[in-house]
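The next block holds one structure in the form of structure tokens; read it before the comments.
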Amino acid sequence: RHGLGHLRPKLHFSPSAGFMNDPNGLLHDGERYHLYYQFAPGPLAVHGHICWGHALAEDLYHWHDAPTAIRETADGQAFSGCALIDHRNDSGLFAGPGPQNIVAIYTRHRDGRQNQWLAISQDGGLDFEEPAGINPVLDIGSDSFRDPKVFFHAPSGRWIMVVALARAHRIGFYGSGDLLHWQALSEFGPEGMLGIDYECPNLVELDIEGGGRRWVLIISINPGAPQGGSGSQYFVGDFDGERFVPDPQGLRLLDAGKDHYAIQVVEGLPSDQATGIGWLGNWQYCQEVPSEGWRGVMTLPRGLGLRRDWMGGLSLVQHVRGLEPLRVPIARPRIDSSLMPDQPLTDLDLPVDAAVELLLRFHLESLPTAPPGRGGRLVLCFGNAQGERLEIGYDAASHQLWTDRGELRGFSHPFFSQRSAIALGPDRREVRLQLIIDGCSLEMLAQDGEYSMSSMIYPAAPLDRLAIYVEAGQAGFGQLELNRLQSTLT
Ligand code: FRU
């Protein structure tokens, strides 16, 4: 029997011990990135007594653990929130203006009471104190009011907070000149998918490929996402400093997989470097997945932008940032002509001690002999000698891209569904995939970031071989590249 060591990601951030959920306070302070996160210490690695864990990196990959940044107090647990730099000392809480005036704004949760608190750090973001007499900075007497995200809105010259009125399915917009006094500006919602709770809103202005910018409001919902449990949606629209007005476009999911939630946009980066990190998990089973004393994995850092799409709207696109220096090519299998059903590419060896990346560009035609109603299909099968299989595929007839973790044996749960699928839009003559498998995580991006599918995977033994084959079709490859990704564990 295998232990669980192979489930520890080598590239993605995961806590060395304890339970982790949402990313919090993502911030670039001019030199380093801060990743704070919802953290429950303790050997059981389940949610509770939440504080802010903390890690630091220069590059969003080589994270160094730092001490707990915000603790649970008599005023409650430290739920999700954000961090920012109060350069000008608008709050008056620092000795003067300064590039290291780090402020955290977050929810304290106690006995069904949720309100927004502010703490400052005088040591570069390591330790935070709640200045006497100012907290809570925003309290509406609610038990369902959480996850503030704050940014400076230059055109109106003030700080803007978006925060979830969770059970009411509304996002509150507040404005402030000093981060201490907040004035209600407007509300958004109920809109889109409601679920039971709205959580973890973000409002960010993103660049459109080819020029222009547009505002994006991201809202996570739990439970009640289309895949079951927790999931995130976004709205593209306009923000005038007071009110967000969505464009008329249909529902937009941020990720088509089962395990992507609570994404937060990094504060302190220009729009052409806009970056988000999400939590690879689902509230339906995140506290029950196999554990050796730790649970919870973050997504890789994803660059964020907008692309004009075939529906006449704007789609969010996500690009994994900063992978280039970590890539070590392990195979460029030769595909001289097309891949046919009788010539599978088998037994490509996978490193078991590192994350792997598969880059693919292909087109797939159905053969005339394809069974009625079913066209060609390309399958990527990651497996092992124990007979476990993780399959990722594309169906020519339905244009669906899918992942299937049903033949992995390390975890089962009534809500740990096997398959995720999404249909590609008309731009699909060539299918372009980026797939990263790292310990218990699988991230897939398709069509240069227009589709994202993230899933947790729990093989009982390492997946050490890859087979690629087609059924009832013929695939031609423009790219087929397998890379080992260097470990960034510090
Ligand atoms: C989202 C969430 C937030 C809350 C935090 C508690 O996953 O439920 O709404 O602040 O987690 O840990």
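FYI, nothing fancy with the structure tokens labels: chains A, B, ... in order, residues from 1 per chain, ligands from 1 as they appear.
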
Please find the residues contacting ligand 1 at a distance of at most 7 Å between atoms, with only C-alpha atoms and all ligand atoms counted, and report them as a PDB file with C-alpha atoms, in the first residue's frame.
ATOM      1  CA  ASN A  21      -9.519  27.288   2.447  1.00  0.00           C
ATOM      2  CA  ASP A  22      -9.785  30.739   0.797  1.00  0.00           C
ATOM      3  CA  GLN A  38      -8.024  30.905   5.830  1.00  0.00           C
ATOM      4  CA  ILE A  50      -9.989  30.218  11.730  1.00  0.00           C
ATOM      5  CA  PHE A  79     -12.672  35.128   8.232  1.00  0.00           C
ATOM      6  CA  SER A  80     -11.829  36.092   4.667  1.00  0.00           C
ATOM      7  CA  THR A 107     -14.535  39.697   8.677  1.00  0.00           C
ATOM      8  CA  ARG A 146     -18.524  38.997   4.981  1.00  0.00           C
ATOM      9  CA  ASP A 147     -15.422  38.795   2.781  1.00  0.00           C
ATOM     10  CA  GLU A 199     -19.230  34.837  -0.925  1.00  0.00           C
ATOM     11  CA  CYS A 200     -15.800  36.320  -1.651  1.00  0.00           C
ATOM     12  CA  ALA A 262     -13.033  31.818  -3.740  1.00  0.00           C
TER      13      ALA A 262
END

Check your understanding: Residues at most 10 Å from Pro131 (chain A), counting only C-alpha atoms, excluding those fewer than 6 positions away in the same chain, as a VMD selection string?
Key -> chain A and resid 93 118 to 120

As a PDB file with N, CA and C atoms, in the first residue's frame, please: all residues of region 219-284 of chain A that backbone DSSP puts in strand (DSSP E).
ATOM      1  N   ILE A 219     -18.228  36.650  -8.213  1.00  0.00           N
ATOM      2  CA  ILE A 219     -18.971  36.264  -7.014  1.00  0.00           C
ATOM      3  C   ILE A 219     -18.926  34.745  -6.866  1.00  0.00           C
ATOM      4  N   SER A 220     -18.449  34.291  -5.735  1.00  0.00           N
ATOM      5  CA  SER A 220     -18.466  32.861  -5.452  1.00  0.00           C
ATOM      6  C   SER A 220     -19.796  32.519  -4.786  1.00  0.00           C
ATOM      7  N   ILE A 221     -20.311  31.321  -5.053  1.00  0.00           N
ATOM      8  CA  ILE A 221     -21.554  30.899  -4.406  1.00  0.00           C
ATOM      9  C   ILE A 221     -21.380  29.524  -3.778  1.00  0.00           C
ATOM     10  N   ASN A 222     -22.024  29.366  -2.615  1.00  0.00           N
ATOM     11  CA  ASN A 222     -21.940  28.084  -1.915  1.00  0.00           C
ATOM     12  C   ASN A 222     -23.116  27.895  -0.968  1.00  0.00           C
ATOM     13  N   GLY A 231     -18.782  27.107  -6.158  1.00  0.00           N
ATOM     14  CA  GLY A 231     -18.240  27.460  -7.472  1.00  0.00           C
ATOM     15  C   GLY A 231     -18.366  28.963  -7.674  1.00  0.00           C
ATOM     16  N   SER A 232     -17.755  29.466  -8.733  1.00  0.00           N
ATOM     17  CA  SER A 232     -17.707  30.918  -8.907  1.00  0.00           C
ATOM     18  C   SER A 232     -18.225  31.363 -10.266  1.00  0.00           C
ATOM     19  N   GLN A 233     -18.827  32.545 -10.274  1.00  0.00           N
ATOM     20  CA  GLN A 233     -19.337  33.151 -11.507  1.00  0.00           C
ATOM     21  C   GLN A 233     -18.786  34.570 -11.615  1.00  0.00           C
ATOM     22  N   TYR A 234     -18.884  35.141 -12.815  1.00  0.00           N
ATOM     23  CA  TYR A 234     -18.446  36.527 -12.966  1.00  0.00           C
ATOM     24  C   TYR A 234     -19.402  37.282 -13.869  1.00  0.00           C
ATOM     25  N   PHE A 235     -19.397  38.596 -13.692  1.00  0.00           N
ATOM     26  CA  PHE A 235     -20.201  39.503 -14.501  1.00  0.00           C
ATOM     27  C   PHE A 235     -19.247  40.539 -15.078  1.00  0.00           C
ATOM     28  N   VAL A 236     -19.395  40.835 -16.366  1.00  0.00           N
ATOM     29  CA  VAL A 236     -18.602  41.890 -16.995  1.00  0.00           C
ATOM     30  C   VAL A 236     -19.508  43.109 -17.099  1.00  0.00           C
ATOM     31  N   GLY A 237     -18.971  44.294 -16.852  1.00  0.00           N
ATOM     32  CA  GLY A 237     -19.826  45.465 -16.911  1.00  0.00           C
ATOM     33  C   GLY A 237     -19.049  46.746 -16.696  1.00  0.00           C
ATOM     34  N   ASP A 238     -19.757  47.731 -16.157  1.00  0.00           N
ATOM     35  CA  ASP A 238     -19.157  49.042 -15.955  1.00  0.00           C
ATOM     36  C   ASP A 238     -19.268  49.427 -14.490  1.00  0.00           C
ATOM     37  N   PHE A 239     -18.257  50.129 -14.008  1.00  0.00           N
ATOM     38  CA  PHE A 239     -18.291  50.635 -12.634  1.00  0.00           C
ATOM     39  C   PHE A 239     -17.901  52.102 -12.666  1.00  0.00           C
ATOM     40  N   PHE A 244     -22.121  49.192  -9.949  1.00  0.00           N
ATOM     41  CA  PHE A 244     -21.708  48.267 -11.004  1.00  0.00           C
ATOM     42  C   PHE A 244     -22.931  47.924 -11.849  1.00  0.00           C
ATOM     43  N   VAL A 245     -22.825  48.137 -13.172  1.00  0.00           N
ATOM     44  CA  VAL A 245     -23.927  47.820 -14.091  1.00  0.00           C
ATOM     45  C   VAL A 245     -23.446  46.727 -15.048  1.00  0.00           C
ATOM     46  N   PRO A 246     -24.050  45.535 -14.967  1.00  0.00           N
ATOM     47  CA  PRO A 246     -23.561  44.431 -15.810  1.00  0.00           C
ATOM     48  C   PRO A 246     -23.998  44.586 -17.258  1.00  0.00           C
ATOM     49  N   TYR A 261     -12.572  27.605  -6.225  1.00  0.00           N
ATOM     50  CA  TYR A 261     -13.453  28.470  -5.439  1.00  0.00           C
ATOM     51  C   TYR A 261     -12.701  29.666  -4.868  1.00  0.00           C
ATOM     52  N   ALA A 262     -13.501  30.696  -4.561  1.00  0.00           N
ATOM     53  CA  ALA A 262     -13.033  31.818  -3.740  1.00  0.00           C
ATOM     54  C   ALA A 262     -11.793  32.501  -4.309  1.00  0.00           C
ATOM     55  N   ILE A 263     -11.717  32.585  -5.620  1.00  0.00           N
ATOM     56  CA  ILE A 263     -10.555  33.242  -6.237  1.00  0.00           C
ATOM     57  C   ILE A 263     -10.436  34.670  -5.697  1.00  0.00           C
ATOM     58  N   GLN A 264      -9.202  35.097  -5.472  1.00  0.00           N
ATOM     59  CA  GLN A 264      -8.972  36.491  -5.100  1.00  0.00           C
ATOM     60  C   GLN A 264      -7.951  37.102  -6.044  1.00  0.00           C
ATOM     61  N   VAL A 265      -8.190  38.377  -6.394  1.00  0.00           N
ATOM     62  CA  VAL A 265      -7.295  39.101  -7.287  1.00  0.00           C
ATOM     63  C   VAL A 265      -6.190  39.740  -6.444  1.00  0.00           C
ATOM     64  N   THR A 275      -3.658  39.308 -11.687  1.00  0.00           N
ATOM     65  CA  THR A 275      -3.426  37.908 -11.325  1.00  0.00           C
ATOM     66  C   THR A 275      -4.411  37.485 -10.244  1.00  0.00           C
ATOM     67  N   GLY A 276      -4.908  36.267 -10.353  1.00  0.00           N
ATOM     68  CA  GLY A 276      -5.783  35.727  -9.315  1.00  0.00           C
ATOM     69  C   GLY A 276      -5.289  34.374  -8.850  1.00  0.00           C
ATOM     70  N   ILE A 277      -5.578  34.076  -7.597  1.00  0.00           N
ATOM     71  CA  ILE A 277      -5.305  32.745  -7.058  1.00  0.00           C
ATOM     72  C   ILE A 277      -6.601  32.261  -6.419  1.00  0.00           C
ATOM     73  N   GLY A 278      -6.996  31.031  -6.721  1.00  0.00           N
ATOM     74  CA  GLY A 278      -8.200  30.458  -6.127  1.00  0.00           C
ATOM     75  C   GLY A 278      -7.833  29.310  -5.204  1.00  0.00           C
ATOM     76  N   TRP A 279      -8.851  28.770  -4.583  1.00  0.00           N
ATOM     77  CA  TRP A 279      -8.676  27.606  -3.711  1.00  0.00           C
ATOM     78  C   TRP A 279      -9.185  26.386  -4.468  1.00  0.00           C
TER      79      TRP A 279
END

Contacts of region 480-489 of chain A within 9 Å, only C-alpha atoms, excl. fewer than 2 positions in-chain, as a VMD selection string: chain A and resid 9 to 13 61 to 64 323 325 to 335 350 to 351 353 to 362 436 438 477 to 478

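The shortest atom-to-atom distance to Tyr394 (chain A), with only C-alpha atoms taken into account, belongs to A:Ala421 out of A:Ala168, A:Ala421, A:Met311, A:Val163.
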
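Between CA of Pro462 (chain A) and CA of Ala55 (chain A) the interatomic distance comes to 27.5 Å.
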
Using only C-alpha atoms, the best pick from A:Gly112, A:Gly76, A:Gly241, A:Gly229 as closest to Val204 (chain A) would be A:Gly241

7 Å contact set for Leu56 (chain A), only C-alpha atoms, chain neighbours under 5 positions out, as a PyMOL selection string: chain A and resi 32-35+63-66

Prev. selection, C-alpha atoms, output as a PDB file, in the first residue's frame:
ATOM      1  CA  ARG A  32       7.299  40.315  -2.460  1.00  0.00           C
ATOM      2  CA  TYR A  33       3.974  38.596  -2.785  1.00  0.00           C
ATOM      3  CA  HIS A  34       1.946  37.903   0.319  1.00  0.00           C
ATOM      4  CA  LEU A  35      -0.405  34.953   0.379  1.00  0.00           C
ATOM      5  CA  TRP A  63       6.555  30.239  -0.950  1.00  0.00           C
ATOM      6  CA  HIS A  64       8.108  30.533   2.491  1.00  0.00           C
ATOM      7  CA  ASP A  65       5.876  29.942   5.487  1.00  0.00           C
ATOM      8  CA  ALA A  66       5.502  32.879   7.833  1.00  0.00           C
TER       9      ALA A  66
END
